[in-house]
Amino acid sequence: MSSPEKTQAARLPHHLVWIGLAIAVALGYLFGLGGDHIPRNGDELVYANIARLTAASGHWLPLQSAWDFMRNTKPPLLFWQAMVAGGWGEHWTLLRLRLPSVAYTWGIALMVGLLTWKTVRGDAGATSGNATTAAQRNHHAMAMGAIAVLVYLSFFTTYRYGRPYLTSAAETFWLFGVFFAIAWSPAKLLASSWKFPLIAGLAIGIGCLYKSFVMVAPVGFALALCYQAVGARLAPWKIARPGIVADGVKVLAICALGLAVFGLWFAIDPLPGEVWREFVVGENAGKMNSSKGYFQTAFSGSSGILTILTGYFSNALFLLPLSVGCFVAAWRSWRQRQGTAQTISDAEKIMWLWLLALALVFMLPTQRSTRYLIPAMPALAVVMALYWHRIGRIWFSLTLAVCMVGLLAMGLIGYGAVRATHNPWVFSPLFWLFVAASALACLIGIFKKAWSRPVTALAGFSVLFALAWVTNPFNGELGRFRPETNALLKGQKVQVPSNFNGHFERYEFIIPGAKIVDYFAAQPVDYADVEGLFKTSRYVLVQRRIGQAPCTRCRIIDERWDLRSRQDENDGFMAALKTPETYWYAKEYLVEPLAP
């Protein structure tokens, strides 16, 4: 064996390195999963409250809630998932409730990786001829599939909505799964007379039972586009009227089956009228109404069309410049193909159609949110991986700059924790080493061309992991009361502060077994009427800025550290830089009245 061949054989195959990194990042989603301070939407606690009370009723339906106006806020499959995962209240922990979401996210990531691998391998085989061996093409495709997984898991929306107990991971799995299947085998599935439409209808119905029947609209639109843009090309006879009608019937049948599966909720719920009033009319139809008028909301405010037009980019967050660069590269590639016989793969076309359909449909409601675009984020990850080597280096450098700023911000938050707790060892030295090394790698990647793409593939998740790490100590002993305090509060009425719907539900996990009663308290709480709260309860939780006494005529039983969920507008952004210890952190005291 010659010397170059020996060197090549001794070197670890690059595709195995990328696959190992993708697996490591996927497992990183478990870090801090059971904590109170992971990135999430406040609605997670609303859903947890509904699931807990429904489980306590001993029945699957009707759904129960602490609020009369917020019971049927989501279809039942989401709550049943939590009830089963939590053992009908026997094992009611955040970790248990969130594990199904992570399992769904892993399933989505696997689809993203497999589809990218298959597409890249097919494109390379069609264009490379004898320049590379089949094994080399396959290894390259496997590496790009792993990079697609890294990209998807590095989207902030994936991390924020793919870990907590929310609907996004489940609905994305079932809805994206339909287009993953089509992209995997377009000729076979689009020609299927009844098997694929049946399976697709059931999958869409399950997705609707997690989110809403409204999802039939963008999925049906995207399917119609796929049948005509891809299916008609694969079978030219379908351009004729009989083919269009046959495909239209399939799309209608798929959508009808999806709605029928969703309609099972009405058939089995003891109170179908409440479901109609609260979910269909209140939760869904209400998003089509606006007192300001459609066009005024469409072109102004936080719910304007611009929210949807920029939604895919903002959902990527730390990878925002890279996602913009992907669209630029795709546009340039399209321009270059004009007048030639070149075309994109069917799989890529299907991904673009799903991205387009979801965005167009959700421009129609008067209430618009970037969250509505989450089911198409896996498609964006696939497309970004397919254009990875065609995206201009400037976009990688900008992404690394954004990630470096994010890492420095995590270091600043960690510094605030050290100052707040007066404990220089609140974080392991490994945390500071990780933040410093990641930031340095980003800096090198900005200026060193060979580093730009490899470092960018990991930079986004490094910020997310640093965020999980910097909050992790406050999910542990620092954020808990002593065991004897929890034993004291078993079965006792405890008044807790709340400044958002369902915010009080977090205390079901912090002090399990206590009877939680909430009182409104904007944060920071300077001087709430604690003495007045003692009239109805002996035990009160009150949150204070660092250094402030909880109350004047009370005794402190226990205390814990908490991350502030809402900051005072008067503090301003500079407060986060000047005094991070008071901007991000507060103390929560358990107090009781002094003896008369």
# chains A, B, ... in the order shown; residues from 1 in each chain; ligands from 1

call {"tool": "select_by_dssp", "arguments": {"residues": "region 481-535 of chain A", "states": "strand (DSSP E)", "output": "ChimeraX atom specification"}}
result
/A:493-498,515-520

call {"tool": "residues_around", "arguments": {"residues": "region 32-42 of chain A", "least_positions_apart": "5", "cutoff": "10 Å", "atoms": "only C-alpha atoms", "output": "NGL selection string"}}
result
:A and (47 or 93-99 or 102 or 156-157 or 159-166 or 464-465 or 467-476 or 479 or 500-503 or 506-507 or 509-510 or 562-565)

call {"tool": "select_by_dssp", "arguments": {"residues": "region 456-590 of chain A", "states": "helix (DSSP H, G or I)", "output": "PyMOL selection string"}}
result
chain A and resi 456-475+477-479+483-489+503-510+530-533+574-578+580-584

call {"tool": "residues_around", "arguments": {"residues": "region 105-113 of chain A", "least_positions_apart": "3", "cutoff": "7 Å", "atoms": "only C-alpha atoms", "output": "short mmCIF file (atom, residue, chain, number, x, y, z; two decimals) with N, CA, C and O atoms, in the first residue's frame"}}
result
data_model
loop_
_atom_site.label_atom_id
_atom_site.label_comp_id
_atom_site.auth_asym_id
_atom_site.auth_seq_id
_atom_site.Cartn_x
_atom_site.Cartn_y
_atom_site.Cartn_z
N ALA A 26 -28.15 15.62 19.13
CA ALA A 26 -29.49 15.10 19.42
C ALA A 26 -29.60 14.69 20.89
O ALA A 26 -30.61 14.99 21.55
N SER A 101 -42.01 14.88 23.41
CA SER A 101 -41.67 15.95 22.46
C SER A 101 -40.28 15.73 21.88
O SER A 101 -40.06 15.91 20.67
N VAL A 102 -39.33 15.34 22.73
CA VAL A 102 -37.98 15.09 22.25
C VAL A 102 -37.96 13.89 21.31
O VAL A 102 -37.25 13.89 20.29
N THR A 116 -32.03 14.19 3.06
CA THR A 116 -30.87 14.90 2.51
C THR A 116 -29.85 13.91 1.95
O THR A 116 -29.31 14.11 0.87
N TRP A 117 -29.59 12.84 2.70
CA TRP A 117 -28.66 11.81 2.23
C TRP A 117 -29.10 11.23 0.89
O TRP A 117 -28.30 11.14 -0.04
N GLY A 145 -26.20 14.66 5.08
CA GLY A 145 -27.39 14.33 5.87
C GLY A 145 -27.20 14.66 7.34
O GLY A 145 -28.12 15.19 7.99
N ALA A 146 -26.01 14.38 7.86
CA ALA A 146 -25.72 14.71 9.26
C ALA A 146 -25.71 16.23 9.47
O ALA A 146 -26.19 16.73 10.49
N ALA A 148 -27.47 18.37 7.78
CA ALA A 148 -28.88 18.78 7.77
C ALA A 148 -29.51 18.58 9.14
O ALA A 148 -30.29 19.42 9.61
N VAL A 149 -29.18 17.47 9.80
CA VAL A 149 -29.68 17.22 11.15
C VAL A 149 -29.17 18.30 12.10
O VAL A 149 -29.93 18.84 12.93
N TYR A 152 -31.08 21.54 11.51
CA TYR A 152 -32.44 21.51 12.05
C TYR A 152 -32.44 21.61 13.58
O TYR A 152 -33.24 22.36 14.16
N GLY A 162 -39.45 22.16 20.37
CA GLY A 162 -39.28 20.74 20.16
C GLY A 162 -38.86 19.99 21.40
O GLY A 162 -38.65 18.77 21.35
N ALA A 169 -43.69 19.88 18.07
CA ALA A 169 -42.92 18.71 17.66
C ALA A 169 -43.83 17.63 17.08
O ALA A 169 -43.53 17.03 16.04
N PHE A 173 -44.01 16.47 13.11
CA PHE A 173 -43.67 15.10 12.74
C PHE A 173 -44.69 14.53 11.77
O PHE A 173 -44.33 13.97 10.72
N PHE A 180 -42.17 14.26 3.49
CA PHE A 180 -40.97 13.43 3.49
C PHE A 180 -41.22 12.16 2.67
O PHE A 180 -40.38 11.76 1.85
N PRO A 378 -38.32 21.76 9.05
CA PRO A 378 -37.50 20.63 8.57
C PRO A 378 -37.19 20.74 7.08
O PRO A 378 -36.09 20.39 6.64
N VAL A 382 -33.43 20.84 5.18
CA VAL A 382 -33.03 20.02 4.04
C VAL A 382 -32.48 20.90 2.92
O VAL A 382 -31.41 20.63 2.35
#

call {"tool": "residues_around", "arguments": {"residues": "Ile206 (chain A)", "least_positions_apart": "4", "cutoff": "8 Å", "atoms": "only C-alpha atoms", "output": "PyMOL selection string"}}
result
chain A and resi 171+174+202+210+258+261-262

call {"tool": "closest_residue", "arguments": {"among": "A:Ile350, A:Ala401, A:Met410, A:Leu150", "to": "Phe447 (chain A)", "atoms": "only C-alpha atoms"}}
result
A:Ala401

call {"tool": "atom_distance", "arguments": {"atom1": "CA of Val455 (chain A)", "atom2": "CA of Ser397 (chain A)"}}
result
10.0 Å

call {"tool": "residues_around", "arguments": {"residues": "Ala56 (chain A)", "least_positions_apart": "6", "cutoff": "12 Å", "atoms": "only C-alpha atoms", "output": "VMD selection string"}}
result
chain A and resid 49 to 50 62 to 65 83 86 to 90 92

call {"tool": "closest_residue", "arguments": {"among": "A:Leu309, A:Leu412, A:Leu488, A:Ala246", "to": "Met363 (chain A)", "atoms": "only C-alpha atoms"}}
result
A:Leu309

call {"tool": "atom_distance", "arguments": {"atom1": "CA of Val591 (chain A)", "atom2": "CA of Asp558 (chain A)"}}
result
7.3 Å

call {"tool": "residues_around", "arguments": {"residues": "Val251 (chain A)", "least_positions_apart": "5", "cutoff": "9 Å", "atoms": "only C-alpha atoms", "output": "number ranges by chain"}}
result
A: 197, 220-221, 223-224, 227, 246, 256

call {"tool": "atom_distance", "arguments": {"atom1": "CA of Ala103 (chain A)", "atom2": "CA of Ala200 (chain A)"}}
result
20.9 Å
